[in-house]
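Note sheet for the following structure.
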Amino acid sequence: MPDRFRRLQRTEWADANRSGEPVDCFLEGPCYDAQGRLHVVDIPYGRIFRIEGDDWTLVAEYPGWPNGLKVQPDGRLIAADYRNGLVRIDPATGATGVVLQTVMSESFKGLNDLTLHRDGSILFTDQGQTGLQDPTGRVWRLHADGRIDRLIATGPSPNGLVLNTAQTHLYVAMTRSCEVWRFLLRPDAVVAKAQCFARVPAGLVGPDGLAMDGADRLYISNPGHGCIWIVDPHGVPLYRVQSCAGRMTTNCALTPDERHLVITESETGTILIAEVPRP
């Protein structure tokens, strides 16, 4: 991140997540729009940035903690916001609006990430402060007609999530158990035989953001080990992409041509780019 956008301040987010140590930014949520422009969020300062080459543009700033980010078919952005639920952002004006803040008047624990299904539904994780001590994290699906399904309610810190290329199965990173779960999506809210698809080595932090390429290879961000793991469609480890900056590799996204992987390294506020091995 350019120096002109960095803010080294104590924030409520830093108090809760960094033991009160000031942070100048914390990047997450990389995604591309139809024009091939990269977007990222800056969680503690409620900011959305667009990146074209070396040029950073502040798209929006609002009182929230956006984490996951995606571009909807109409070009608008939608964020999984820990404070505000699902939030839509107009990239032309920076205006924001809440899409979903409660379910049956009950607040979320704290949203983390989201992914979009081609049927118009939005799948998102409700992580909060869950973990092995409280495995009650949730995965939700908001249908295009407004119906909502609670798909998982027993997650030990559900974080990043991604669909396979056929969009029949959902993969969810469970940070505190160092696993990635996989399960079939049905038209109804019934989930059966949720499976541990992959594990990363135990450590201080488990898997975070996920990505999937056209060959159904899964990319697992692992800030605990400062790398991205790449596994094949059967869950067999293929590659480890090691950070050349800090260890906080929080999320990743493939470039539109899938030749490169961009990684948010949140410790240094850096965007890393790695060449992707061909299938």
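Here's how to read the names in the structure tokens: chain A, B, ... by the order shown, residue numbers from 1 in each chain, ligand numbers from 1 in the order shown.
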
Per-residue nearest contacts of region 222-277 of chain A to region 180-189 of chain A (12 Å; only C-alpha atoms) as a Markdown table:
```
| residue | atom | partner | partner_atom | distance |
| --- | --- | --- | --- | --- |
| A:Asn222 | CA | A:Val180 | CA | 11.3 |
| A:Trp229 | CA | A:Val180 | CA | 11.6 |
| A:Val231 | CA | A:Val180 | CA | 11.1 |
| A:Pro233 | CA | A:Arg182 | CA | 11.3 |
| A:His234 | CA | A:Arg182 | CA | 11.2 |
| A:Gly235 | CA | A:Val180 | CA | 9.7 |
```

Selected residues, all heavy atoms, written as a PDB file, in the first residue's frame, please.
```pdb
ATOM      1  N   ASN A 222      -2.461 -19.585   4.215  1.00  0.00           N
ATOM      2  CA  ASN A 222      -2.118 -20.079   5.549  1.00  0.00           C
ATOM      3  C   ASN A 222      -1.168 -19.094   6.247  1.00  0.00           C
ATOM      4  O   ASN A 222       0.051 -19.228   6.182  1.00  0.00           O
ATOM      5  CB  ASN A 222      -1.468 -21.453   5.436  1.00  0.00           C
ATOM      6  CG  ASN A 222      -1.269 -22.161   6.768  1.00  0.00           C
ATOM      7  OD1 ASN A 222      -0.671 -23.215   6.815  1.00  0.00           O
ATOM      8  ND2 ASN A 222      -1.761 -21.604   7.869  1.00  0.00           N
ATOM      9  N   TRP A 229      -0.950 -22.978   0.161  1.00  0.00           N
ATOM     10  CA  TRP A 229      -0.884 -24.389  -0.232  1.00  0.00           C
ATOM     11  C   TRP A 229      -1.772 -24.593  -1.453  1.00  0.00           C
ATOM     12  O   TRP A 229      -2.869 -24.048  -1.528  1.00  0.00           O
ATOM     13  CB  TRP A 229      -1.366 -25.305   0.892  1.00  0.00           C
ATOM     14  CG  TRP A 229      -0.640 -25.150   2.184  1.00  0.00           C
ATOM     15  CD1 TRP A 229      -1.047 -24.427   3.270  1.00  0.00           C
ATOM     16  CD2 TRP A 229       0.616 -25.734   2.545  1.00  0.00           C
ATOM     17  NE1 TRP A 229      -0.120 -24.517   4.284  1.00  0.00           N
ATOM     18  CE2 TRP A 229       0.912 -25.306   3.866  1.00  0.00           C
ATOM     19  CE3 TRP A 229       1.524 -26.549   1.876  1.00  0.00           C
ATOM     20  CZ2 TRP A 229       2.073 -25.684   4.532  1.00  0.00           C
ATOM     21  CZ3 TRP A 229       2.681 -26.930   2.549  1.00  0.00           C
ATOM     22  CH2 TRP A 229       2.950 -26.505   3.853  1.00  0.00           C
ATOM     23  N   VAL A 231      -3.604 -27.677  -3.551  1.00  0.00           N
ATOM     24  CA  VAL A 231      -3.933 -29.095  -3.517  1.00  0.00           C
ATOM     25  C   VAL A 231      -4.779 -29.453  -4.733  1.00  0.00           C
ATOM     26  O   VAL A 231      -5.478 -28.606  -5.286  1.00  0.00           O
ATOM     27  CB  VAL A 231      -4.668 -29.484  -2.214  1.00  0.00           C
ATOM     28  CG1 VAL A 231      -3.828 -29.133  -0.989  1.00  0.00           C
ATOM     29  CG2 VAL A 231      -6.015 -28.802  -2.122  1.00  0.00           C
ATOM     30  N   PRO A 233      -7.704 -31.799  -7.020  1.00  0.00           N
ATOM     31  CA  PRO A 233      -9.134 -32.024  -6.761  1.00  0.00           C
ATOM     32  C   PRO A 233      -9.440 -33.156  -5.792  1.00  0.00           C
ATOM     33  O   PRO A 233     -10.579 -33.274  -5.320  1.00  0.00           O
ATOM     34  CB  PRO A 233      -9.696 -32.329  -8.155  1.00  0.00           C
ATOM     35  CG  PRO A 233      -8.746 -31.672  -9.107  1.00  0.00           C
ATOM     36  CD  PRO A 233      -7.401 -31.806  -8.464  1.00  0.00           C
ATOM     37  N   HIS A 234      -8.436 -33.987  -5.492  1.00  0.00           N
ATOM     38  CA  HIS A 234      -8.632 -35.077  -4.539  1.00  0.00           C
ATOM     39  C   HIS A 234      -8.094 -34.727  -3.158  1.00  0.00           C
ATOM     40  O   HIS A 234      -8.108 -35.576  -2.255  1.00  0.00           O
ATOM     41  CB  HIS A 234      -7.955 -36.345  -5.062  1.00  0.00           C
ATOM     42  CG  HIS A 234      -8.432 -36.759  -6.416  1.00  0.00           C
ATOM     43  ND1 HIS A 234      -9.653 -37.368  -6.629  1.00  0.00           N
ATOM     44  CD2 HIS A 234      -7.862 -36.617  -7.642  1.00  0.00           C
ATOM     45  CE1 HIS A 234      -9.810 -37.598  -7.925  1.00  0.00           C
ATOM     46  NE2 HIS A 234      -8.750 -37.148  -8.553  1.00  0.00           N
ATOM     47  N   GLY A 235      -7.596 -33.516  -2.979  1.00  0.00           N
ATOM     48  CA  GLY A 235      -7.053 -33.107  -1.690  1.00  0.00           C
ATOM     49  C   GLY A 235      -5.586 -33.435  -1.502  1.00  0.00           C
ATOM     50  O   GLY A 235      -5.063 -33.312  -0.387  1.00  0.00           O
TER      51      GLY A 235
END
```

Which residues of region 113-177 of chain A sit at most 7 Å from region 92-109 of chain A, using only C-alpha atoms? Give each one's shortest atom pair and distance in Å (one decimal place), in chain and ascending residue order, as CSV.
```
residue,atom,partner,partner_atom,distance
A:Asp126,CA,A:Lys109,CA,5.9
A:Gln127,CA,A:Lys109,CA,6.3
A:Gly128,CA,A:Lys109,CA,4.4
```

Residues near region 80-83 of chain A, cut-off 12 Å, only C-alpha atoms, skip fewer than 2 positions along chain, as a ChimeraX atom specification: /A:12-13,28-29,41-48,62-71,77-78,85-89,96-102,107-116,122-129,140,159-161

task: Within 10 Å of region 258-265 of chain A, counting only C-alpha atoms, which residues show up once you throw out same-chain ones fewer than 3 positions away? Write them as a VMD selection string, please.
output: chain A and resid 26 to 31 38 40 to 41 209 211 to 214 219 221 223 226 to 228 241 243 to 255 268 to 278

field: For CA of Trp56 (chain A) and CA of Arg10 (chain A), the interatomic separation in Å (one decimal)
entry: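 Between CA of Trp56 (chain A) and CA of Arg10 (chain A) the gap is 23.5 Å.
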
query: Could you pull out the strand (DSSP E or B) residues of region 59-128 of chain A from DSSP and send them as a ChimeraX atom specification?
result: /A:59-61,66-71,77-81,85-89,96-100,102-103,106-107,111-116,122-126

task: Take CA of Glu267 (chain A) and CA of Asp24 (chain A) and report the distance between them in Å, one decimal.
output: 9.7 Å

field: CA of Gln195 (chain A) to CA of Pro156 (chain A), straight-line distance in Å
entry: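 Value for the CA of Pro156 (chain A)-CA of Gln195 (chain A) distance: 13.9 Å.
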
- prompt: With distances taken over only C-alpha atoms, which of A:Val205, A:Lys193, A:Leu210, A:Asp15 is nearest to Tyr171 (chain A)?
  reply: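 Counting only C-alpha atoms, the residue closest to Tyr171 (chain A) is A:Leu210.
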
message: Between A:Ala144, A:Ile152, A:Ile230, A:Met174, which residue has the minimum interatomic distance to Pro207 (chain A), considering only C-alpha atoms?
response: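 Closest to Pro207 (chain A) of all the choices is A:Met174.
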
Would you give me, as CSV, each residue of region 164-184 of chain A having an atom within 12 Å of an atom of region 134-137 of chain A, along with its shortest atom pair and that distance in Å to one decimal, using only C-alpha atoms and sorting by chain and residue number?
```
residue,atom,partner,partner_atom,distance
A:Val172,CA,A:Gly137,CA,11.2
A:Ala173,CA,A:Gly137,CA,11.3
A:Met174,CA,A:Gly137,CA,9.1
A:Thr175,CA,A:Gly137,CA,10.7
A:Arg176,CA,A:Pro135,CA,9.2
A:Ser177,CA,A:Pro135,CA,9.5
```

Write a file of the just-selected residues containing C-alpha atoms, as a PDB file, in the first residue's frame.
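Writing done, so here's part_11.pdb:
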```pdb
ATOM      1  CA  VAL A 172     -14.842 -23.718   3.752  1.00  0.00           C
ATOM      2  CA  ALA A 173     -11.642 -22.956   5.669  1.00  0.00           C
ATOM      3  CA  MET A 174     -11.954 -23.744   9.385  1.00  0.00           C
ATOM      4  CA  THR A 175      -9.174 -21.636  10.812  1.00  0.00           C
ATOM      5  CA  ARG A 176      -8.912 -22.934  14.365  1.00  0.00           C
ATOM      6  CA  SER A 177      -9.017 -26.636  13.455  1.00  0.00           C
TER       7      SER A 177
END
```

query: Which is closer to Phe49 (chain A) than all the others in A:Ala192, A:Ile220, A:Met1, A:Val162, using only C-alpha atoms?
result: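 Nearest candidate to Phe49 (chain A) out of A:Ala192, A:Ile220, A:Met1, A:Val162: A:Met1.
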
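Of the listed residues A:Ala16, A:Ala215, A:Val236, A:Ile51, the one whose atoms come nearest to Tyr32 (chain A) is A:Ile51, with distances taken using only C-alpha atoms.
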
- request: Kindly indicate which residue among A:Val191, A:Ala198, A:Val59, A:Cys178 lies nearest to His225 (chain A), using only C-alpha atoms for the distances.
  value: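 Among the listed residues, A:Cys178 lies closest to His225 (chain A).
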
- request: Please run DSSP on the backbone and report, as number ranges by chain, all residues within region 7-186 of chain A that come out as alpha helix (DSSP H).
  value: A: 12-17
